[in-house]
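What follows is one structure encoded as C-alpha cells, with my remarks underneath.
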Amino acid sequence: MYNTRKLKIEKTEQLEALAIASGELYSRTVTAFWRLVRKKGIWLSEYSMMHWQNSKELHAHSADAVVQSFYASLKSWQRLHKIDHDAKPPHKRHHYYKVQWKNSAIRLKDGVIRLSNGKGNSPLIVAWQWELPKMVELGWNGVGYELRATYTIDATAEPLGTGTAGVDLGEIHLAVTHDGEECHIYNGRYLRSVKRYQNKKKAEISSHIDRMKKGSGRRKKLKTRKAKILNKLDNQINDILHKQTTKLVATLHERGVKTVVIGDVRDIRKGLDYGVKANQKLHQWSFGAARWMITYKAERLGMEVKLQEEAYTSQTCPCCGKRHKPNNREYRCPACGFHYHRDGVGAYNIRAKYLGKETLPVVGLMACPIGVRYAV
Ligand SMILES: [Zn+2]
C-alpha cells in the first residue's frame with residue numbers, strides 16, 4: 001500500500017542541474033536503445049542498459065531509476081500496441097526529466113531530509129516535518145518543481161463488521177453504495193462541472209496558442225498560463241474526489257462493511273453521450289481515480305476490495321429478476337411494479353451478484369437513498 005505526499009519547492013540551480021542530468025541520461029538511454037535496434041536488431045535488456053548508461057551527477061540508484069522509467073514506458077507501449085496499433089513507442093528525448101531517490105539515498109534527521117546524489121556531489125537538502133518516506137521524486141508540475149514522497153501504509157485498522165457493500169461508479173453520480181440496508185448517493189454534479197470547465201479552458205487556450213508564432217515569447221507565456229490553469233483545476237478535481245471517497249469509505253466502515261465490491265467499469269456505458277475522444281479519456285480517468293482512491297482508503301481501514309463484473313446490474317429488477325432498461329433516473333419494473341432510484345439498483349445488484357444471489361429479499365431497497373453532496 002502506498003500513499004504520496006507532495007511538496008512544492010523553489011526552483012534553484014541545483015534542482016535545474018539535477019533535472020537536466022536526469023534528462024540527459026534519459027535521452028542517452030532512448031538514443032542508445034533505438035540505435036541498437038536499428039543497427040544490430042538487438043533489444044537490449046533493462047539490466048544491461050543500467051550497467052551501460054550512468055550519470056556522474058546522480059546517485060547510482062537514481063540513475064537506475066531513469067533507465068527503469070524508459071523500460072516501463074516501453075512495456076506499457078507493448079501492452080497498448082496490442083489494442084491500439086497507432087500507439088507510438090517512447091522515442092522522445094527530454095531536456096529535463098524527473099529524479100527519483102530510493103530509500104538507500106534518503107536520510108532524515110532533525111527535520112531535514114537529505115537526498116544523496118552520489119559521491120562527490122552535494123546532496124539535496126530540504127526541510128521536512130514528516131516521517132521518512134520510502135521513495136522521493138523530484139518533478140515538474142507544469143508550474144514549478146515539487147517533491148513527491150511515497151510512503152508505505154500498513155493496514156492495521158480492523159473492519160467493524162462483516163458486511164458487504166456494492167459500489168456503482170457513475171457519471172451523474174460519482175458513486176452509489178448499497179450495503180444491503182442503506183443506499184448512499186455521492187453526487188457528481190460539481191465534479192462534472194469542473195471537468196467541463198477544464199475541457200473548455202483547455203480548448204480555448206490551445207487554440208490561442210496555435211495562432212501564435214512558434215518560439216515567440218507570447219506563446220511561451222500562454223503555455224505557462226495554460227499549465228497553471230489546468231494544474232489548478234486538476235487540484236480541484238482531485239480535492240473533490242478525495243473528499244467524496246473519504247466520506248464514502250468512512251461511512252461504509254462505520255456501517256460495519258468488511259468487503260467493498262466495486263462494479264468493474266471497463267467500457268463507459270452510462271448516462272451521457274460521449275462524442276469527443278479526449279472527453280472520454282477524462283471520464284475514464286476519473287473512474288480510475290475514484291476506484292483507486294476508494295481501494296486504498298478502504299484497505300487502510302482493513303476492508304477488502306473486490307471487483308465485480310457488472311453486466312446487466314443496472315437493468316435487472318432486484319425484486320423479480322426480470323431485465324428492463326430504465327429510461328430515466330427512476331427504475332420501474334414493468335413486470336412486478338417495483339420502483340427505486342436507478343443507480344441504487346445498480347449498487348444493490350453489484351452487491352447481490354458478488355454474493356451470488358441474483359434476487360434477494362428486497363427489504364433494504366424500501367429505504368430511501370441518502371444523498372451526499374460535495375460541500376465546497
Ligand atoms: Zn420486477
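Residues are named by chain letter and number: chains run A, B, ... in the order of the C-alpha cells, numbers start at 1 in each chain, and ligands are numbered from 1 in the order shown.
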
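For range 168-209 of chain A, backbone-based DSSP assignment of helix (DSSP H, G or I) covers Arg189, Tyr190, Leu191, Arg192, Ser193, Val194, Lys195, Arg196, Tyr197, Gln198, Asn199, Lys200, Lys201, Lys202, Ala203, Glu204, Ile205, Ser206, Ser207, His208 and Ile209 of chain A.
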
What does the distance from CA of Gly120 in chain A to CA of Lys98 in chain A come to in Å, to one decimal? 20.9 Å

Using 10 Å as the limit and counting only C-alpha atoms and all ligand atoms, can you tabulate each residue of chain A that touches ligand 1, with its shortest atom-to-atom distance in Å and the two atoms involved, as JSON lines?
{"residue": "A:Thr316", "atom": "CA", "partner": "ligand 1", "partner_atom_place_in_ligand_line": "1 (Zn)", "distance": 7.9}
{"residue": "A:Cys317", "atom": "CA", "partner": "ligand 1", "partner_atom_place_in_ligand_line": "1 (Zn)", "distance": 4.6}
{"residue": "A:Pro318", "atom": "CA", "partner": "ligand 1", "partner_atom_place_in_ligand_line": "1 (Zn)", "distance": 6.6}
{"residue": "A:Cys319", "atom": "CA", "partner": "ligand 1", "partner_atom_place_in_ligand_line": "1 (Zn)", "distance": 4.9}
{"residue": "A:Cys320", "atom": "CA", "partner": "ligand 1", "partner_atom_place_in_ligand_line": "1 (Zn)", "distance": 4.1}
{"residue": "A:Gly321", "atom": "CA", "partner": "ligand 1", "partner_atom_place_in_ligand_line": "1 (Zn)", "distance": 6.0}
{"residue": "A:Lys322", "atom": "CA", "partner": "ligand 1", "partner_atom_place_in_ligand_line": "1 (Zn)", "distance": 5.7}
{"residue": "A:Arg323", "atom": "CA", "partner": "ligand 1", "partner_atom_place_in_ligand_line": "1 (Zn)", "distance": 8.0}
{"residue": "A:His324", "atom": "CA", "partner": "ligand 1", "partner_atom_place_in_ligand_line": "1 (Zn)", "distance": 8.7}
{"residue": "A:Tyr331", "atom": "CA", "partner": "ligand 1", "partner_atom_place_in_ligand_line": "1 (Zn)", "distance": 9.8}
{"residue": "A:Arg332", "atom": "CA", "partner": "ligand 1", "partner_atom_place_in_ligand_line": "1 (Zn)", "distance": 7.9}
{"residue": "A:Cys333", "atom": "CA", "partner": "ligand 1", "partner_atom_place_in_ligand_line": "1 (Zn)", "distance": 4.6}
{"residue": "A:Pro334", "atom": "CA", "partner": "ligand 1", "partner_atom_place_in_ligand_line": "1 (Zn)", "distance": 6.7}
{"residue": "A:Ala335", "atom": "CA", "partner": "ligand 1", "partner_atom_place_in_ligand_line": "1 (Zn)", "distance": 5.1}
{"residue": "A:Cys336", "atom": "CA", "partner": "ligand 1", "partner_atom_place_in_ligand_line": "1 (Zn)", "distance": 4.1}
{"residue": "A:Gly337", "atom": "CA", "partner": "ligand 1", "partner_atom_place_in_ligand_line": "1 (Zn)", "distance": 6.1}
{"residue": "A:Phe338", "atom": "CA", "partner": "ligand 1", "partner_atom_place_in_ligand_line": "1 (Zn)", "distance": 5.4}
{"residue": "A:His339", "atom": "CA", "partner": "ligand 1", "partner_atom_place_in_ligand_line": "1 (Zn)", "distance": 8.3}
{"residue": "A:Thr359", "atom": "CA", "partner": "ligand 1", "partner_atom_place_in_ligand_line": "1 (Zn)", "distance": 9.9}

Please write the residues from the selection above to a file, keeping N, CA, C and O atoms, as a compact mmCIF listing (two decimals), in the first residue's frame.
# COMPACT_ATOMS: atom_id res chain seq x y z
N THR A 316 -31.39 -5.30 -14.14
CA THR A 316 -32.12 -6.40 -13.51
C THR A 316 -32.99 -5.92 -12.36
O THR A 316 -32.53 -5.18 -11.49
N CYS A 317 -34.21 -6.34 -12.32
CA CYS A 317 -35.10 -5.97 -11.22
C CYS A 317 -34.72 -6.77 -9.97
O CYS A 317 -34.70 -7.99 -9.99
N PRO A 318 -34.41 -6.07 -8.88
CA PRO A 318 -33.98 -6.76 -7.67
C PRO A 318 -35.11 -7.60 -7.05
O PRO A 318 -34.85 -8.49 -6.26
N CYS A 319 -36.33 -7.29 -7.45
CA CYS A 319 -37.48 -7.94 -6.85
C CYS A 319 -37.86 -9.23 -7.57
O CYS A 319 -37.99 -10.28 -6.95
N CYS A 320 -37.97 -9.16 -8.90
CA CYS A 320 -38.42 -10.35 -9.63
C CYS A 320 -37.35 -10.91 -10.57
O CYS A 320 -37.52 -11.99 -11.13
N GLY A 321 -36.26 -10.19 -10.76
CA GLY A 321 -35.15 -10.72 -11.55
C GLY A 321 -35.28 -10.51 -13.05
O GLY A 321 -34.39 -10.84 -13.81
N LYS A 322 -36.39 -9.92 -13.48
CA LYS A 322 -36.56 -9.66 -14.92
C LYS A 322 -35.72 -8.46 -15.34
O LYS A 322 -35.48 -7.56 -14.54
N ARG A 323 -35.29 -8.47 -16.60
CA ARG A 323 -34.47 -7.37 -17.11
C ARG A 323 -35.30 -6.32 -17.81
O ARG A 323 -36.24 -6.65 -18.54
N HIS A 324 -34.88 -5.09 -17.60
CA HIS A 324 -35.63 -4.00 -18.22
C HIS A 324 -34.74 -2.76 -18.19
O HIS A 324 -34.11 -2.47 -17.18
N TYR A 331 -35.94 3.69 -11.69
CA TYR A 331 -36.12 2.33 -12.21
C TYR A 331 -37.53 1.88 -11.87
O TYR A 331 -37.94 1.91 -10.70
N ARG A 332 -38.25 1.45 -12.89
CA ARG A 332 -39.62 0.99 -12.65
C ARG A 332 -39.81 -0.33 -13.39
O ARG A 332 -39.64 -0.39 -14.60
N CYS A 333 -40.07 -1.39 -12.67
CA CYS A 333 -40.17 -2.72 -13.29
C CYS A 333 -41.56 -2.92 -13.87
O CYS A 333 -42.55 -2.87 -13.15
N PRO A 334 -41.63 -3.15 -15.21
CA PRO A 334 -42.95 -3.34 -15.81
C PRO A 334 -43.58 -4.68 -15.40
O PRO A 334 -44.80 -4.82 -15.44
N ALA A 335 -42.75 -5.64 -14.97
CA ALA A 335 -43.27 -6.96 -14.64
C ALA A 335 -43.92 -7.00 -13.26
O ALA A 335 -44.99 -7.55 -13.07
N CYS A 336 -43.22 -6.38 -12.26
CA CYS A 336 -43.76 -6.51 -10.90
C CYS A 336 -44.09 -5.18 -10.24
O CYS A 336 -44.60 -5.13 -9.11
N GLY A 337 -43.79 -4.08 -10.92
CA GLY A 337 -44.17 -2.78 -10.35
C GLY A 337 -43.17 -2.19 -9.39
O GLY A 337 -43.34 -1.07 -8.92
N PHE A 338 -42.09 -2.93 -9.10
CA PHE A 338 -41.07 -2.44 -8.18
C PHE A 338 -40.45 -1.15 -8.72
O PHE A 338 -40.17 -1.04 -9.91
N HIS A 339 -40.23 -0.17 -7.85
CA HIS A 339 -39.54 1.03 -8.34
C HIS A 339 -38.55 1.56 -7.30
O HIS A 339 -38.76 1.43 -6.10
N THR A 359 -31.44 -12.53 -7.07
CA THR A 359 -32.52 -11.80 -6.40
C THR A 359 -32.47 -12.08 -4.91
O THR A 359 -32.24 -13.20 -4.48

So that I can check the surroundings of Gly263 in chain A, please list as a VMD selection string every protein, DNA and RNA residue that reaches within 6 Å of it, counting only C-alpha atoms and ignoring chain neighbours fewer than 3 positions away. chain A and resid 168 307 to 308 310

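With only C-alpha atoms as the atoms that count, the minimum distance from Leu115 in chain A to the choices A:His253, A:Lys223, A:Lys134, A:Arg300 is reached by A:Lys134.
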
Hey, what's within 9 Å of Ile205 in chain A if we count only C-alpha atoms and toss same-chain stuff fewer than 2 positions away? As a PyMOL selection string, please? chain A and resi 200-203+207-210+222-223+225-226

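Going from CA of Ala175 in chain A over to CA of Arg148 in chain A, you cover 28.3 Å.
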
note - CA of Tyr190 in chain A and CA of Arg329 in chain A are separated by 18.2 Å

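The residue that comes closest to Met135 in chain A, out of A:Lys82, A:Lys6, A:Phe70, A:Tyr354 and on the basis of only C-alpha atoms, is A:Lys6.
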